[in-house]
Every structure is written in structure tokens, then in C-alpha cells.
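Shown below: entry08.cif, with mmCIF, C-alpha atoms.
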data_upload
loop_
_atom_site.group_PDB
_atom_site.id
_atom_site.type_symbol
_atom_site.label_atom_id
_atom_site.label_comp_id
_atom_site.auth_asym_id
_atom_site.auth_seq_id
_atom_site.Cartn_x
_atom_site.Cartn_y
_atom_site.Cartn_z
ATOM 1 C CA MET A 1 36.920 78.114 -14.799
ATOM 2 C CA LYS A 2 36.013 81.756 -14.310
ATOM 3 C CA GLN A 3 34.916 82.452 -17.881
ATOM 4 C CA LEU A 4 31.964 80.061 -17.819
ATOM 5 C CA THR A 5 28.648 81.899 -17.787
ATOM 6 C CA LEU A 6 25.066 81.091 -16.893
ATOM 7 C CA ILE A 7 24.174 80.640 -20.574
ATOM 8 C CA ASP A 8 26.966 78.044 -20.866
ATOM 9 C CA ILE A 9 25.490 76.074 -17.993
ATOM 10 C CA ILE A 10 21.983 76.285 -19.491
ATOM 11 C CA ILE A 11 23.145 75.007 -22.894
ATOM 12 C CA PHE A 12 25.105 72.232 -21.180
ATOM 13 C CA THR A 13 22.047 71.203 -19.158
ATOM 14 C CA ILE A 14 19.835 71.083 -22.259
ATOM 15 C CA PHE A 15 22.324 68.816 -24.037
ATOM 16 C CA LEU A 16 22.760 66.594 -20.973
ATOM 17 C CA THR A 17 18.986 66.224 -20.558
ATOM 18 C CA ILE A 18 18.553 65.180 -24.197
ATOM 19 C CA SER A 19 21.428 62.694 -23.848
ATOM 20 C CA ILE A 20 19.927 61.110 -20.741
ATOM 21 C CA LEU A 21 16.446 61.033 -22.257
ATOM 22 C CA SER A 22 17.832 59.198 -25.272
ATOM 23 C CA PHE A 23 18.643 56.243 -23.007
ATOM 24 C CA THR A 24 14.954 55.669 -22.352
ATOM 25 C CA LEU A 25 14.644 54.703 -26.030
ATOM 26 C CA TYR A 26 16.382 51.438 -25.109
ATOM 27 C CA THR A 27 13.429 50.245 -23.067
ATOM 28 C CA THR A 28 11.314 49.891 -26.209
ATOM 29 C CA ILE A 29 13.313 46.777 -27.092
ATOM 30 C CA SER A 30 11.198 43.666 -26.451
ATOM 31 C CA GLY A 31 10.377 40.227 -27.836
ATOM 32 C CA LYS A 32 12.702 37.281 -28.391
ATOM 33 C CA PRO A 33 16.287 37.954 -29.453
ATOM 34 C CA GLU A 34 16.577 38.622 -33.128
ATOM 35 C CA VAL A 35 19.453 39.778 -35.272
ATOM 36 C CA HIS A 36 18.403 42.654 -37.502
ATOM 37 C CA VAL A 37 20.697 43.382 -40.417
ATOM 38 C CA THR A 38 20.154 46.581 -42.390
ATOM 39 C CA SER A 39 21.936 46.877 -45.717
ATOM 40 C CA GLY A 40 21.215 49.018 -48.755
ATOM 41 C CA GLY A 41 17.794 50.093 -47.502
ATOM 42 C CA LYS A 42 16.621 46.505 -46.884
ATOM 43 C CA GLU A 43 16.370 44.668 -43.597
ATOM 44 C CA TRP A 44 16.913 40.985 -42.777
ATOM 45 C CA VAL A 45 15.936 39.306 -39.520
ATOM 46 C CA TYR A 46 17.659 36.196 -38.122
ATOM 47 C CA ASP A 47 16.941 34.128 -35.033
ATOM 48 C CA LEU A 48 19.867 34.475 -32.627
ATOM 49 C CA SER A 49 19.455 30.898 -31.380
ATOM 50 C CA VAL A 50 19.845 29.318 -34.829
ATOM 51 C CA ASP A 51 23.443 28.997 -36.022
ATOM 52 C CA THR A 52 23.835 30.369 -39.522
ATOM 53 C CA GLN A 53 25.974 32.407 -41.879
ATOM 54 C CA ALA A 54 24.937 35.182 -44.260
ATOM 55 C CA SER A 55 26.563 37.597 -46.642
ATOM 56 C CA PHE A 56 25.502 41.107 -47.638
ATOM 57 C CA GLU A 57 26.602 43.090 -50.642
ATOM 58 C CA GLY A 58 27.359 46.774 -50.206
ATOM 59 C CA PRO A 59 29.209 49.586 -51.986
ATOM 60 C CA VAL A 60 32.697 48.132 -51.346
ATOM 61 C CA GLY A 61 31.992 44.405 -51.569
ATOM 62 C CA PHE A 62 30.667 41.711 -49.257
ATOM 63 C CA THR A 63 30.223 41.699 -45.495
ATOM 64 C CA SER A 64 29.508 38.278 -44.046
ATOM 65 C CA ILE A 65 28.127 37.614 -40.603
ATOM 66 C CA GLU A 66 28.090 34.446 -38.553
ATOM 67 C CA ILE A 67 25.597 33.465 -35.857
ATOM 68 C CA SER A 68 26.734 30.767 -33.470
ATOM 69 C CA ASN A 69 26.060 29.949 -29.803
ATOM 70 C CA ASN A 70 23.553 32.801 -29.355
ATOM 71 C CA ARG A 71 26.152 35.275 -30.509
ATOM 72 C CA VAL A 72 26.774 37.107 -33.761
ATOM 73 C CA HIS A 73 29.869 38.657 -35.309
ATOM 74 C CA VAL A 74 31.152 39.968 -38.624
ATOM 75 C CA HIS A 75 33.176 37.098 -39.955
ATOM 76 C CA GLU A 76 34.658 38.803 -42.969
ATOM 77 C CA SER A 77 34.296 42.164 -44.691
ATOM 78 C CA ASP A 78 35.761 43.712 -47.810
ATOM 79 C CA CYS A 79 36.026 47.128 -46.191
ATOM 80 C CA LYS A 80 39.398 48.791 -45.629
ATOM 81 C CA ASN A 81 39.313 49.646 -41.927
ATOM 82 C CA GLN A 82 37.841 46.332 -40.634
ATOM 83 C CA VAL A 83 36.246 48.063 -37.642
ATOM 84 C CA CYS A 84 33.232 45.735 -37.943
ATOM 85 C CA VAL A 85 35.373 42.580 -37.805
ATOM 86 C CA LEU A 86 37.366 43.917 -34.854
ATOM 87 C CA ALA A 87 34.124 44.657 -32.990
ATOM 88 C CA GLY A 88 33.998 40.936 -32.194
ATOM 89 C CA TRP A 89 31.000 38.993 -30.921
ATOM 90 C CA ILE A 90 27.810 40.591 -29.662
ATOM 91 C CA SER A 91 25.025 38.748 -27.875
ATOM 92 C CA LYS A 92 22.843 41.144 -25.873
ATOM 93 C CA PRO A 93 19.799 43.070 -27.107
ATOM 94 C CA GLY A 94 20.724 46.642 -27.926
ATOM 95 C CA GLU A 95 24.254 45.728 -28.940
ATOM 96 C CA TRP A 96 25.244 46.527 -32.506
ATOM 97 C CA ILE A 97 28.008 46.387 -35.076
ATOM 98 C CA ALA A 98 28.233 48.803 -37.979
ATOM 99 C CA CYS A 99 30.249 48.608 -41.153
ATOM 100 C CA LEU A 100 29.955 52.145 -42.490
ATOM 101 C CA PRO A 101 32.021 51.795 -45.690
ATOM 102 C CA ASN A 102 29.846 48.893 -46.758
ATOM 103 C CA ASN A 103 26.606 50.314 -45.324
ATOM 104 C CA VAL A 104 25.776 47.276 -43.157
ATOM 105 C CA PHE A 105 24.258 47.618 -39.708
ATOM 106 C CA ILE A 106 23.746 44.669 -37.358
ATOM 107 C CA LEU A 107 21.572 45.040 -34.280
ATOM 108 C CA ILE A 108 20.242 42.569 -31.725
ATOM 109 C CA GLN A 109 16.688 43.216 -30.606
ATOM 110 C CA GLY A 110 14.612 41.459 -27.975
ATOM 111 C CA GLU A 111 14.790 40.339 -24.334
ATOM 112 C CA PRO A 112 18.090 39.022 -22.971
ATOM 113 C CA VAL A 113 18.266 35.202 -23.091
ATOM 114 C CA ILE A 114 20.284 34.726 -19.925
ATOM 115 C CA ALA A 115 20.044 37.664 -17.574
ATOM 116 C CA LYS A 116 20.405 35.895 -14.241
ATOM 117 C CA GLU A 117 23.794 34.310 -13.798
ATOM 118 C CA GLY A 118 25.885 36.971 -12.064
ATOM 119 C CA GLU A 119 25.005 39.556 -14.657
ATOM 120 C CA VAL A 120 24.035 43.122 -13.985
ATOM 121 C CA ASP A 121 20.326 43.468 -14.619
ATOM 122 C CA ASP A 122 20.417 45.064 -18.053
ATOM 123 C CA THR A 123 16.702 45.667 -18.189
ATOM 124 C CA SER A 124 16.780 48.112 -15.293
ATOM 125 C CA PHE A 125 18.152 51.101 -17.178
ATOM 126 C CA MET B 1 32.356 94.431 -49.342
ATOM 127 C CA THR B 2 34.565 96.722 -47.328
ATOM 128 C CA PRO B 3 37.750 98.446 -48.565
ATOM 129 C CA HIS B 4 39.694 95.759 -46.676
ATOM 130 C CA SER B 5 38.022 92.970 -48.606
ATOM 131 C CA ASN B 6 41.361 91.506 -49.687
ATOM 132 C CA THR B 7 42.636 91.001 -46.172
ATOM 133 C CA ARG B 8 39.225 89.597 -45.209
ATOM 134 C CA VAL B 9 39.397 86.929 -47.877
ATOM 135 C CA ASP B 10 42.922 86.157 -46.710
ATOM 136 C CA LEU B 11 41.586 85.683 -43.199
ATOM 137 C CA VAL B 12 38.893 83.253 -44.410
ATOM 138 C CA ALA B 13 41.601 81.370 -46.305
ATOM 139 C CA LEU B 14 43.800 81.241 -43.211
ATOM 140 C CA PHE B 15 40.989 79.834 -41.082
ATOM 141 C CA SER B 16 40.063 77.262 -43.756
ATOM 142 C CA ALA B 17 43.710 76.222 -43.956
ATOM 143 C CA CYS B 18 43.692 75.704 -40.182
ATOM 144 C CA ALA B 19 40.529 73.616 -40.458
ATOM 145 C CA LEU B 20 42.120 71.544 -43.220
ATOM 146 C CA PHE B 21 45.262 70.999 -41.165
ATOM 147 C CA LEU B 22 43.229 69.993 -38.107
ATOM 148 C CA SER B 23 41.153 67.559 -40.225
ATOM 149 C CA THR B 24 44.404 65.878 -41.203
ATOM 150 C CA ILE B 25 45.457 65.583 -37.571
ATOM 151 C CA GLU B 26 41.978 64.270 -36.751
ATOM 152 C CA TYR B 27 42.234 61.653 -39.499
ATOM 153 C CA MET B 28 45.395 60.268 -37.918
ATOM 154 C CA ILE B 29 43.689 59.650 -34.563
ATOM 155 C CA PRO B 30 42.186 56.148 -34.448
ATOM 156 C CA LYS B 31 38.440 56.076 -33.910
ATOM 157 C CA PRO B 32 36.751 53.410 -31.785
ATOM 158 C CA ILE B 33 33.539 53.816 -33.791
ATOM 159 C CA PRO B 34 33.423 55.474 -37.232
ATOM 160 C CA PHE B 35 31.239 58.403 -36.175
ATOM 161 C CA MET B 36 32.988 59.083 -32.889
ATOM 162 C CA ARG B 37 35.367 61.934 -33.582
ATOM 163 C CA LEU B 38 36.760 64.839 -31.681
ATOM 164 C CA GLY B 39 35.840 67.326 -34.421
ATOM 165 C CA LEU B 40 39.101 69.250 -34.240
ATOM 166 C CA ALA B 41 38.310 70.998 -37.538
ATOM 167 C CA ASN B 42 35.489 72.815 -35.764
ATOM 168 C CA ILE B 43 37.885 74.814 -33.590
ATOM 169 C CA PRO B 44 38.505 77.461 -36.332
ATOM 170 C CA LEU B 45 34.736 77.774 -36.789
ATOM 171 C CA ILE B 46 34.197 78.325 -33.063
ATOM 172 C CA ILE B 47 36.995 80.887 -32.917
ATOM 173 C CA ALA B 48 35.899 82.652 -36.136
ATOM 174 C CA LEU B 49 32.612 83.837 -34.598
ATOM 175 C CA GLY B 50 32.793 87.572 -34.091
ATOM 176 C CA LEU B 51 35.486 88.024 -36.727
ATOM 177 C CA PHE B 52 33.492 87.331 -39.868
ATOM 178 C CA SER B 53 30.267 88.459 -41.475
ATOM 179 C CA LYS B 54 27.610 85.777 -42.055
ATOM 180 C CA ARG B 55 28.652 85.433 -45.700
ATOM 181 C CA GLU B 56 32.309 84.988 -44.858
ATOM 182 C CA TYR B 57 31.407 82.572 -42.089
ATOM 183 C CA PHE B 58 29.440 80.324 -44.435
ATOM 184 C CA LEU B 59 32.250 80.472 -46.992
ATOM 185 C CA LEU B 60 34.597 79.204 -44.285
ATOM 186 C CA LEU B 61 32.076 76.504 -43.419
ATOM 187 C CA LEU B 62 31.811 75.327 -47.023
ATOM 188 C CA LEU B 63 35.600 75.225 -47.397
ATOM 189 C CA LYS B 64 35.866 73.221 -44.177
ATOM 190 C CA VAL B 65 33.340 70.607 -45.364
ATOM 191 C CA LEU B 66 35.041 70.316 -48.764
ATOM 192 C CA GLY B 67 38.483 70.088 -47.153
ATOM 193 C CA GLN B 68 37.348 67.400 -44.732
ATOM 194 C CA GLY B 69 35.765 65.456 -47.576
ATOM 195 C CA LEU B 70 38.971 65.646 -49.596
ATOM 196 C CA ILE B 71 41.170 64.500 -46.748
ATOM 197 C CA SER B 72 38.992 61.640 -45.577
ATOM 198 C CA GLY B 73 38.172 60.617 -49.169
ATOM 199 C CA THR B 74 34.447 60.772 -48.500
ATOM 200 C CA ILE B 75 33.730 63.722 -50.769
ATOM 201 C CA PHE B 76 31.796 61.686 -53.336
ATOM 202 C CA SER B 77 30.093 59.308 -50.913
ATOM 203 C CA TYR B 78 26.926 59.584 -48.861
ATOM 204 C CA ILE B 79 29.055 60.344 -45.778
ATOM 205 C CA ILE B 80 29.510 63.918 -47.053
ATOM 206 C CA LEU B 81 25.763 64.398 -46.425
ATOM 207 C CA PHE B 82 26.341 63.819 -42.721
ATOM 208 C CA SER B 83 29.258 66.200 -42.692
ATOM 209 C CA LEU B 84 27.337 68.869 -44.598
ATOM 210 C CA ALA B 85 24.165 68.622 -42.518
ATOM 211 C CA GLY B 86 26.099 68.544 -39.245
ATOM 212 C CA SER B 87 28.303 71.486 -40.143
ATOM 213 C CA ILE B 88 25.519 73.685 -41.500
ATOM 214 C CA SER B 89 23.193 73.158 -38.550
ATOM 215 C CA SER B 90 25.961 73.608 -36.003
ATOM 216 C CA ALA B 91 27.085 76.812 -37.750
ATOM 217 C CA ILE B 92 23.543 78.210 -37.757
ATOM 218 C CA ILE B 93 23.101 77.432 -34.056
ATOM 219 C CA MET B 94 26.514 78.825 -33.114
ATOM 220 C CA LEU B 95 25.860 82.036 -35.053
ATOM 221 C CA LEU B 96 22.460 82.314 -33.408
ATOM 222 C CA ILE B 97 23.790 81.802 -29.876
ATOM 223 C CA TYR B 98 26.620 84.255 -30.509
ATOM 224 C CA THR B 99 24.330 86.907 -31.998
ATOM 225 C CA LEU B 100 21.822 86.566 -29.147
ATOM 226 C CA PHE B 101 24.196 86.534 -26.200
ATOM 227 C CA LYS B 102 27.523 88.021 -27.437
ATOM 228 C CA ASP B 103 29.801 88.226 -24.395
ATOM 229 C CA LYS B 104 27.312 86.619 -22.016
ATOM 230 C CA VAL B 105 28.256 83.217 -23.411
ATOM 231 C CA SER B 106 31.719 81.652 -23.578
ATOM 232 C CA ARG B 107 33.016 79.539 -26.458
ATOM 233 C CA VAL B 108 32.272 76.463 -24.347
ATOM 234 C CA GLY B 109 28.540 77.160 -24.471
ATOM 235 C CA ILE B 110 28.712 77.988 -28.169
ATOM 236 C CA SER B 111 30.598 74.768 -28.862
ATOM 237 C CA ILE B 112 28.122 72.621 -26.905
ATOM 238 C CA GLY B 113 25.197 74.281 -28.702
ATOM 239 C CA GLY B 114 26.819 73.672 -32.063
ATOM 240 C CA ALA B 115 27.505 70.039 -31.220
ATOM 241 C CA LEU B 116 23.874 69.551 -30.199
ATOM 242 C CA GLY B 117 22.691 70.899 -33.544
ATOM 243 C CA SER B 118 25.192 68.819 -35.451
ATOM 244 C CA THR B 119 24.457 65.590 -33.554
ATOM 245 C CA LEU B 120 20.683 65.913 -33.805
ATOM 246 C CA SER B 121 20.763 66.670 -37.532
ATOM 247 C CA GLN B 122 23.091 63.725 -38.169
ATOM 248 C CA LEU B 123 20.845 61.423 -36.164
ATOM 249 C CA LEU B 124 17.926 62.633 -38.266
ATOM 250 C CA ILE B 125 19.774 61.846 -41.504
ATOM 251 C CA SER B 126 20.798 58.494 -40.093
ATOM 252 C CA ARG B 127 17.148 57.840 -39.291
ATOM 253 C CA LEU B 128 16.146 58.781 -42.832
ATOM 254 C CA ILE B 129 18.759 57.123 -45.025
ATOM 255 C CA LEU B 130 21.220 54.902 -43.187
ATOM 256 C CA PHE B 131 20.191 52.971 -40.093
ATOM 257 C CA LYS B 132 16.421 53.630 -40.237
ATOM 258 C CA GLU B 133 14.697 52.521 -37.004
ATOM 259 C CA ALA B 134 17.981 51.250 -35.584
ATOM 260 C CA THR B 135 19.138 54.839 -35.080
ATOM 261 C CA TYR B 136 17.741 54.953 -31.537
ATOM 262 C CA VAL B 137 20.385 52.466 -30.444
ATOM 263 C CA ILE B 138 23.320 54.635 -31.462
ATOM 264 C CA ALA B 139 21.700 57.871 -30.261
ATOM 265 C CA PRO B 140 22.813 57.832 -26.574
ATOM 266 C CA LEU B 141 26.439 57.031 -27.374
ATOM 267 C CA PHE B 142 26.471 59.562 -30.174
ATOM 268 C CA LEU B 143 24.985 62.303 -27.982
ATOM 269 C CA PHE B 144 27.283 61.694 -25.010
ATOM 270 C CA SER B 145 30.439 61.591 -27.098
ATOM 271 C CA GLY B 146 29.306 64.793 -28.835
ATOM 272 C CA LEU B 147 28.778 66.506 -25.488
ATOM 273 C CA ILE B 148 32.195 65.523 -24.158
ATOM 274 C CA SER B 149 34.160 66.374 -27.293
ATOM 275 C CA SER B 150 32.372 69.715 -27.663
ATOM 276 C CA ILE B 151 33.327 70.695 -24.102
ATOM 277 C CA ILE B 152 36.980 69.905 -24.865
ATOM 278 C CA LEU B 153 36.854 71.905 -28.128
ATOM 279 C CA GLY B 154 35.067 74.796 -26.429
ATOM 280 C CA LEU B 155 37.680 74.995 -23.668
ATOM 281 C CA ALA B 156 40.459 74.998 -26.263
ATOM 282 C CA ALA B 157 38.763 77.747 -28.293
ATOM 283 C CA GLN B 158 38.021 79.833 -25.194
ATOM 284 C CA ARG B 159 41.619 79.581 -24.072
ATOM 285 C CA PHE B 160 42.839 80.658 -27.499
ATOM 286 C CA ILE B 161 40.550 83.683 -27.532
ATOM 287 C CA VAL B 162 41.625 84.839 -24.087
ATOM 288 C CA MET B 163 45.349 84.258 -24.635
ATOM 289 C CA SER B 164 45.884 85.303 -28.251
ATOM 290 C CA LYS B 165 46.983 88.904 -28.872
ATOM 291 C CA TRP B 166 46.656 88.261 -32.598
ATOM 292 C CA TYR B 167 42.993 87.414 -32.129
ATOM 293 C CA GLN B 168 42.359 90.579 -30.105
ATOM 294 C CA THR B 169 43.919 92.697 -32.857
ATOM 295 C CA MET B 170 41.925 90.924 -35.541
ATOM 296 C CA LYS B 171 38.737 91.451 -33.603
ATOM 297 C CA GLU B 172 39.369 95.185 -33.294
ATOM 298 C CA ILE B 173 40.037 95.455 -37.028
ATOM 299 C CA SER B 174 36.917 93.556 -38.022
ATOM 300 C CA VAL B 175 34.495 95.506 -35.824
#

As C-alpha cells, the full file:
Amino acid sequence: MKQLTLIDIIIFTIFLTISILSFTLYTTISGKPEVHVTSGGKEWVYDLSVDTQASFEGPVGFTSIEISNNRVHVHESDCKNQVCVLAGWISKPGEWIACLPNNVFILIQGEPVIAKEGEVDDTSF
Amino acid sequence: MTPHSNTRVDLVALFSACALFLSTIEYMIPKPIPFMRLGLANIPLIIALGLFSKREYFLLLLLKVLGQGLISGTIFSYIILFSLAGSISSAIIMLLIYTLFKDKVSRVGISIGGALGSTLSQLLISRLILFKEATYVIAPLFLFSGLISSIILGLAAQRFIVMSKWYQTMKEISV
């Protein structure tokens, strides 16, 4: 496009650099896999290898999560859009599910449990 | 206030109406992740640079935030904080870039700059009140989607400015 100027390119480069730099934040994740649930300003931590169920109360009702087989998902939520339930299962560190209407955030932290079997090395980025 | 102040207010109203209409369109598009949006309602704000005084521009901004809040039903929830912070910081940055560089920068650059301001301020609020430390996980996705959508919006706005005779006339009147 002819109308693009040098300033445009500079602004684009600044944004791109910040975006790429933000990826390096991922490498700070370490330790054994834990499920961190943030809700209403409080945080709960669950072991990903122990099967369990838990429920969190938020502005629109309850959001319940289920941990099973080293995976976690939102089992049921009282929110209208159900984005969190549709997000399905997550199992790798850095993966997350958010239920914005109910203010619940689920994040897996820690080293990957199985990173060998035919998987792309997720620690390399 | 100039002698034409009536037509000026009409122009602000017209732009706000456009923003409101585009918010409605935006609301109909399904979002993969709640925060990931195209930001269609920002197009009038990108185009409006150069037409309005700072006061009129911020009036338009306020109307856009209120309109968006009304349409998405988030006006009385904490989500309006994100909208407000994002819109104000992007407007300040866009005004700044436009004032500094005028015709040396296209609407694409202005749009990207605005998106950067909006994304960073929303990440900051997220860090403070919503996701706390977990914010760093959503940051890369949030930033990249902001970059891509702002390029699309910028191209649309730039095309409008170059093509529209109405805009050219309006610009001559407002100078």
C-alpha cells in the first residue's frame, strides 16, 4: 500500500517487539503442575494429579471445575455464554480457562508432566 | 465555541451514532475469547482525528464508551473499567501521534498506536483487579490479536479517508 509511511512502520515495529517480548514471560513458569484458580480476589491451588471437584461462587452464580486424569475443565457454570465450559479440557502449563461473567480464572502452572511422547518441545519457546 | 457550533455538535452525534451502530454489529460477531474483539466501534474515533477539537473528540469518546456499555449490557459492571481505560488511553495516544506527525503518519499507524495504548492499559487493570499474577499468560495472545485487529481497522479507516468526498469537505470546513 502506497499510503503507509515510515512512522507507520516504526509504530508497527514497536508493537510487534512488545508482543514478542511478552512471550518470554512464559518461561517463568516452573515447578510441578498446579491448577491455580482465581476468583473474587482469592486464589486456590490444586494438584493436577489428584482427581477432584470444586465450585466457586462469583457475581452470576457458581462455576464448578473438575480435575481428572491430569486434566482440568469447567464442568458447569451459571454464566450465560458458557465460553468457559466450551473451552474443554486443559492439561499443559500455561494453558488457561476464563469465565469473565463469573470472574473465575483457571491457570495451570508448572513443568509439563509428559513432554516426550511425540510432542513438540513446549519448553523451548 | 465557533459560530458553527450547532453543526459541530451534530457531527459529534453522527460519529457517536456510527460507533453505536458498529458496536451492535461487533456484538453479533461470536468471540473465541471474551476479550478478543475486532473493535469496530473504534473506526469512527480513528477517522474523527483532524475533524474535531480535543474537547469534541473526548465527548465522542465518552459517548462511544457509554454506547458500548449499553449495548453489551456491561455498563454497570467492572468490565466498563476496561472499556473506559482502554478507550481513554488509546484516544490520548492517537491524538498525540496525530498532533506530532499530521500527514506523515497514516491511519494504520495511528490505529496500531491506539491499540497498543489500549491493550497495555487493559493488561495493567487486569493485573491490578482481575487476573492478578496470571495476567502474563494472557498478555501475548491479547497483544497479538490487538496488533492484527488494529491493522485491519487502520486500513479500513485509511481507505475511507482517501475515498470519501464527504470527509474531504468536512475536513475543509473544520480547519

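The list of residues with at least one atom within 10 Å of Leu40 in chain B, based on all atoms listed in the file and without residues fewer than 6 positions apart in the same chain, reads Cys18, Ala19, Leu20, Phe21, Leu22, Ser23, Thr24, Ile25, Glu26, Tyr27, Ser149, Ser150, Ile152, Leu153 and Ala156 of chain B.
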
Per-residue nearest contacts chain B to chain A, cut-off 8 Å, using only C-alpha atoms, as CSV:
residue,atom,partner,partner_atom,distance
B:Pro32,CA,A:Val83,CA,7.9
B:Ile33,CA,A:Val83,CA,7.4
B:Pro34,CA,A:Leu100,CA,7.1
B:Lys104,CA,A:Thr5,CA,6.5
B:Val105,CA,A:Ile7,CA,5.6
B:Ser106,CA,A:Leu4,CA,6.0
B:Val108,CA,A:Asp8,CA,6.5
B:Gly109,CA,A:Asp8,CA,4.0
B:Ile110,CA,A:Asp8,CA,7.5
B:Ile112,CA,A:Phe12,CA,6.5
B:Gly113,CA,A:Ile11,CA,6.2
B:Leu116,CA,A:Phe15,CA,6.4
B:Ile129,CA,A:Gly41,CA,7.5
B:Leu130,CA,A:Gly41,CA,7.3
B:Phe131,CA,A:Phe105,CA,6.7
B:Ala134,CA,A:Leu107,CA,7.3
B:Tyr136,CA,A:Leu25,CA,6.3
B:Val137,CA,A:Gly94,CA,6.4
B:Ala139,CA,A:Ser22,CA,6.5
B:Pro140,CA,A:Ser22,CA,5.3
B:Leu143,CA,A:Ser19,CA,5.5
B:Phe144,CA,A:Ser19,CA,6.1
B:Leu147,CA,A:Phe15,CA,7.0

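If you measure from each of A:Val35, A:Val45, A:Glu57, A:Asn102 to Val72 in chain A using all atoms listed in the file, the closest one turns out to be A:Val35.
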
Give me the residues within 8 Å of Arg107 in chain B as number ranges by chain, counting all atoms listed in the file and dropping any in the same chain fewer than 4 places off.
-> B: 46-47, 111, 154-155, 157-158

The selected residues should be written to file as an mmCIF file, in the frame of the given file (atoms: C-alpha atoms).
data_model
loop_
_atom_site.group_PDB
_atom_site.id
_atom_site.type_symbol
_atom_site.label_atom_id
_atom_site.label_comp_id
_atom_site.auth_asym_id
_atom_site.auth_seq_id
_atom_site.Cartn_x
_atom_site.Cartn_y
_atom_site.Cartn_z
ATOM 1 C CA ILE B 46 34.197 78.325 -33.063
ATOM 2 C CA ILE B 47 36.995 80.887 -32.917
ATOM 3 C CA SER B 111 30.598 74.768 -28.862
ATOM 4 C CA GLY B 154 35.067 74.796 -26.429
ATOM 5 C CA LEU B 155 37.680 74.995 -23.668
ATOM 6 C CA ALA B 157 38.763 77.747 -28.293
ATOM 7 C CA GLN B 158 38.021 79.833 -25.194
#

Nearest candidate to Ser55 in chain A (options A:Glu76, A:Thr17, A:Asn70, A:Ser91; using all atoms listed in the file) |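 Smallest separation from Ser55 in chain A among the options: A:Glu76.
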
So, counting only C-alpha atoms, which residue among B:Leu59, B:Leu66, B:Ala48, B:Ala17 is closest to Leu81 in chain B?
->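 Using only C-alpha atoms, Leu81 in chain B sits closest to B:Leu66.
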
Have a look at B:Ile138, B:Met94, B:Pro44, B:Lys165 and name the one nearest to Ala13 in chain B; count all atoms listed in the file.
->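 Smallest distance to Ala13 in chain B is found for B:Pro44.
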
Pull out range 18-72 of chain A, keep C-alpha atoms, and write it as an mmCIF file, in the first residue's frame.
data_model
loop_
_atom_site.group_PDB
_atom_site.id
_atom_site.type_symbol
_atom_site.label_atom_id
_atom_site.label_comp_id
_atom_site.auth_asym_id
_atom_site.auth_seq_id
_atom_site.Cartn_x
_atom_site.Cartn_y
_atom_site.Cartn_z
ATOM 1 C CA ILE A 18 6.425 -5.776 22.767
ATOM 2 C CA SER A 19 4.219 -8.665 21.606
ATOM 3 C CA ILE A 20 7.197 -10.946 21.015
ATOM 4 C CA LEU A 21 8.835 -9.932 24.287
ATOM 5 C CA SER A 22 5.645 -10.830 26.129
ATOM 6 C CA PHE A 23 6.188 -14.470 25.142
ATOM 7 C CA THR A 24 9.337 -14.623 27.246
ATOM 8 C CA LEU A 25 7.089 -14.213 30.302
ATOM 9 C CA TYR A 26 6.029 -17.833 29.755
ATOM 10 C CA THR A 27 9.456 -19.152 30.671
ATOM 11 C CA THR A 28 8.981 -18.064 34.285
ATOM 12 C CA ILE A 29 6.574 -20.972 34.747
ATOM 13 C CA SER A 30 8.258 -23.726 36.782
ATOM 14 C CA GLY A 31 7.620 -26.304 39.496
ATOM 15 C CA LYS A 32 5.195 -29.222 39.468
ATOM 16 C CA PRO A 33 1.872 -28.821 37.671
ATOM 17 C CA GLU A 34 -0.655 -26.998 39.750
ATOM 18 C CA VAL A 35 -4.092 -25.667 38.967
ATOM 19 C CA HIS A 36 -4.441 -22.073 40.110
ATOM 20 C CA VAL A 37 -7.983 -20.779 40.376
ATOM 21 C CA THR A 38 -8.513 -17.057 40.906
ATOM 22 C CA SER A 39 -11.981 -15.940 41.935
ATOM 23 C CA GLY A 40 -13.178 -12.804 43.688
ATOM 24 C CA GLY A 41 -9.671 -11.678 44.615
ATOM 25 C CA LYS A 42 -8.763 -15.019 46.242
ATOM 26 C CA GLU A 43 -6.639 -17.799 44.826
ATOM 27 C CA TRP A 44 -6.906 -21.577 45.259
ATOM 28 C CA VAL A 45 -4.236 -24.082 44.268
ATOM 29 C CA TYR A 46 -4.959 -27.720 43.349
ATOM 30 C CA ASP A 47 -2.636 -30.569 42.449
ATOM 31 C CA LEU A 48 -3.251 -31.546 38.824
ATOM 32 C CA SER A 49 -2.509 -35.215 39.534
ATOM 33 C CA VAL A 50 -5.202 -35.566 42.211
ATOM 34 C CA ASP A 51 -8.724 -36.044 40.857
ATOM 35 C CA THR A 52 -11.141 -33.645 42.496
ATOM 36 C CA GLN A 53 -14.067 -31.304 42.006
ATOM 37 C CA ALA A 54 -14.534 -27.755 43.280
ATOM 38 C CA SER A 55 -17.049 -24.972 42.996
ATOM 39 C CA PHE A 56 -16.523 -21.209 43.074
ATOM 40 C CA GLU A 57 -19.090 -18.529 43.705
ATOM 41 C CA GLY A 58 -18.992 -15.390 41.590
ATOM 42 C CA PRO A 59 -21.245 -12.482 40.609
ATOM 43 C CA VAL A 60 -23.617 -14.616 38.485
ATOM 44 C CA GLY A 61 -23.621 -17.876 40.437
ATOM 45 C CA PHE A 62 -21.408 -20.942 40.680
ATOM 46 C CA THR A 63 -18.639 -22.162 38.400
ATOM 47 C CA SER A 64 -17.521 -25.707 39.108
ATOM 48 C CA ILE A 65 -14.319 -27.269 37.878
ATOM 49 C CA GLU A 66 -13.298 -30.895 37.654
ATOM 50 C CA ILE A 67 -9.774 -32.315 37.755
ATOM 51 C CA SER A 68 -9.371 -35.813 36.384
ATOM 52 C CA ASN A 69 -6.575 -37.709 34.608
ATOM 53 C CA ASN A 70 -4.092 -34.812 34.860
ATOM 54 C CA ARG A 71 -6.541 -32.553 33.098
ATOM 55 C CA VAL A 72 -8.924 -29.850 34.256
#
